[in-house]
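S.K.: Handing you this structure, nothing more for now.
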Amino acid sequence: MKVVLLSLPPRTQAVLDFFFSSTGRSSFAPSGEEAAEVAIFDFDTLESRQHWDAWHARRGGPGIALSTQSQDVASAIWVQKPVTPAALLAAAAELRTRRWNSAPAAVEPAPAPAPVAPVAATATPPVPASVVAEPSMWTESPAPAPALDSRPVAPPVARPVAARPVSAPPPAPPASGGLGGLIRRFFGKTAPAPAPAPVAPPMPVSAPAPVAVVAAPVPAPVPAPAPAPVPSVAAPAVKPVVKTAPGAVPNPAPAPKVGVAPAPLPGPAAPVPAPVPEAPPAVAAPVHDAHGHRRPRPEELIDEARYCGTRADVAESAQLADASLRYDPAQHLVGVLKDAYLVSCKWQVPTHLDSPAGRITVDGTTNLIYCEFTAEQLAGLVNQPLDKRPKTRAFSRQEFADLQGTLEQKALVQRLDHVLWQTALETSAGRLPVGVDPVAPVYLKQWPNLTRLHRTPHALRIAALWTTKGAGLLETAQTLKIAQRHVIAFYNAALALDLITEDGAQVRRAQRKTKNNRGLLTRLFGWLNK
């Protein structure tokens with residue numbers, strides 16, 4: 001789920017950033033405030049709590065409240081500090097459970113009952129005795145009482161089957177096998193055949209009567225007149241048998257012609273859902289795009305156009321001659337903040353400057369920046385050049401101690417490295433600073449803390465290359481097969497934190513030191529590989 005961190009203390013921010021990039025990357029994905037689904041805030045910090053109230057009133061999403069004591073916050077889950085990965089993962093699982101349980105369950109429609117054929121209540125001629133009504137095979141309950149002037153419907157009983165004459169089976173031939181058969185063949189004697197079983201004489205019965213099926217109201221035809229009136233039978237338990245004189249051949253009465261209605265069709269069956277075809281296996285995305293550039297990771301593509309621009313790769317001559325591909329950091333807020341940061345780190349004192357929106361206090365010793373105006377005003381200063389470059393002044397320790405309490409309550413407090421990194425990315429937007437040679441090799445003094453800073457596309461690969469051997473900006477794009485704007489974006493952000501140098505002596509000294517400190521096994525394997 002997409003998560004945003006709302007004005008957390010620096011130490012807590014660093015711990016959560018590292019957690020999101022390692023153990024919690026399967027459950028949390030850092031994003032901006034507008035796209036976030038969940039917010040994490042520090043209940044013990046006034047600024048973070050106010051930030052949560054504003055975000056929740058605007059977005060209405062749930063949150064995770066970090067506090068040393070149990071807190072009951074509406075729409076938020078309490079996680080005790082110090083924060084542990086297990087507690088954060090449990091909070092994420094609880095948020096998913098609440099979201100799933102809140103979704104209404106789909107109600108399956110009840111299958112339509114099968115239609116029942118109505119029994120007509122119209123007057124029909126009497127049914128002769130030889131016609132026996134058979135109960136309907138689609139009706140489980142006994143038929144209702146017959147209405148006035150309606151055809152009587154017999155209760156459902158078992159249909160009697162007329163007895164058929166059984167003839168005796170033909171006598172089996174005498175067995176000729178075995179020892180007894182051998183003796184009989186030798187002496188010429190045969191065993192007497194067994195007497196046939198007595199067979200009962202066939203009993204004359206009347207012709208089987210056709211079965212009337214109760215269905216749609218179809219008038220039955222009038223049966224042909226019989227020679228003698230046959231008494232009607234109330235229950236079809238036993239069929240009537242006509243007695244005749246001995247030796248006389250009975251003439252069965254002609255069976256009446258009864259119209260058999262078609263059997264009622266069963267009701268429409270419940271629709272059977274069609275089997276869902278299995279989804280085809282996911283095809284892995286290609287490593288390179290249409291321009292031959294290596295694709296970055298999905299988490300590195302957040303706000304790519306905002307921080308890296310959209311310019312395509314250009315030749316070296318165009319990079320040097322085109323003025324639209326350059327910008328002057330000294331005329332923007334990023335240059336002023338970098339100077340204040342360097343002065344604060346050099347003299348170990350806080351510095352401040354007066355911007356058009358208000359005063360900005362930079363404390364390099366604690367990596368904090370205090371802005372006495374809103375975040376929207378700070379974003380406006382970043383995107384526009386400054387009319388007049390403000391002067392940077394240093395605070396004394398006593399002055400800053402007297403002012404620090406007021407700043408923490410009223411000012412906008414953020415991490416200094418985060419503000420410098422974001423300001424450089426938004427100001428440059430894929431452009432190079434004025435006076436920078438894109439061919440000259442550059443080196444990285446130390447790795448930036450990419451667990452807390454926004455990771456631009458291919459930032460890890462660029463940092464590894466510039467830390468080990470260094471390379472020019474255009475050479476880096478060709479070596480790593482990535483877009484030039486991704487290299488330029490990382491260069492501007494690292495330059496704002498004073499992490500870029502053109503002197504590779506520090507890198508070479510570190511490499512020589514590492515080579516001299518090799519262990520015995522390392523040197524032995526190196527000698528064997530020669």
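Residue numbers start at 1 in each chain; chains themselves are named A, B, ... in the order of the structure tokens; ligands are numbered from 1 in the order shown.
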I want to know what sits within 10 Å of Ala74 (chain A), based on only C-alpha atoms, with residues of the same chain fewer than 2 positions away left out; could you give that as a ChimeraX atom specification?

M.R.: /A:62-63,71-72,76-77

S.K.: Leaving out region 417-428 of chain A and any residue of its chain fewer than 3 positions from it, which residues lie within 6 Å of it when counting only C-alpha atoms, given as a PyMOL selection string?

M.R.: chain A and resi 307+334+431+453+492-493

S.K.: Return as a ChimeraX atom specification the full set of residues in region 327-418 of chain A whose backbone-based DSSP assignment is strand (DSSP E or B).

M.R.: /A:327,351-354,359-363,368-371,393-394,412-415

S.K.: Selection from above, C-alpha atoms, as a short mmCIF file (atom, residue, chain, number, x, y, z; two decimals), in the first residue's frame, can you write it?

M.R.:
data_model
loop_
_atom_site.label_atom_id
_atom_site.label_comp_id
_atom_site.auth_asym_id
_atom_site.auth_seq_id
_atom_site.Cartn_x
_atom_site.Cartn_y
_atom_site.Cartn_z
CA TYR A 327 20.74 27.00 -15.45
CA THR A 351 22.83 30.25 9.90
CA HIS A 352 19.78 32.15 8.66
CA LEU A 353 18.69 34.16 5.64
CA ASP A 354 15.68 36.33 4.74
CA ARG A 359 13.16 33.75 7.38
CA ILE A 360 14.94 30.44 6.82
CA THR A 361 17.20 29.00 9.50
CA VAL A 362 19.74 26.32 8.51
CA ASP A 363 21.35 24.13 11.18
CA LEU A 368 17.43 20.54 10.24
CA ILE A 369 15.98 23.53 8.41
CA TYR A 370 13.37 25.89 9.90
CA CYS A 371 11.08 27.80 7.49
CA ARG A 393 24.20 35.37 8.50
CA ALA A 394 25.38 33.17 11.36
CA LEU A 412 8.06 24.36 9.32
CA VAL A 413 10.77 21.90 10.38
CA GLN A 414 12.25 19.51 7.80
CA ARG A 415 15.45 17.53 7.23
#

S.K.: Could you list, with a cut-off of 10 Å and counting only C-alpha atoms, the residues of region 282-379 of chain A near region 466-479 of chain A, each shown with its nearest atom pair and the distance in Å rounded to one decimal, rows sorted by chain and ascending number, as JSON lines?

M.R.:
{"residue": "A:His293", "atom": "CA", "partner": "A:Ala477", "partner_atom": "CA", "distance": 8.9}
{"residue": "A:Asp313", "atom": "CA", "partner": "A:Ala477", "partner_atom": "CA", "distance": 9.4}
{"residue": "A:Val314", "atom": "CA", "partner": "A:Leu474", "partner_atom": "CA", "distance": 9.5}
{"residue": "A:Ala315", "atom": "CA", "partner": "A:Leu474", "partner_atom": "CA", "distance": 8.9}
{"residue": "A:Glu316", "atom": "CA", "partner": "A:Leu474", "partner_atom": "CA", "distance": 7.7}
{"residue": "A:Gln319", "atom": "CA", "partner": "A:Leu474", "partner_atom": "CA", "distance": 9.6}

S.K.: Give the answer as one residue: which of A:Thr456, A:Ser31, A:Ser70, A:Gln80 has the shortest atom-to-atom distance to Pro296 (chain A), using only C-alpha atoms?

M.R.: A:Thr456

S.K.: To one decimal place, how far is CA of Leu378 (chain A) from CA of Leu407 (chain A) in Å?

M.R.: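 One can read the CA of Leu378 (chain A) to CA of Leu407 (chain A) distance as 16.1 Å.
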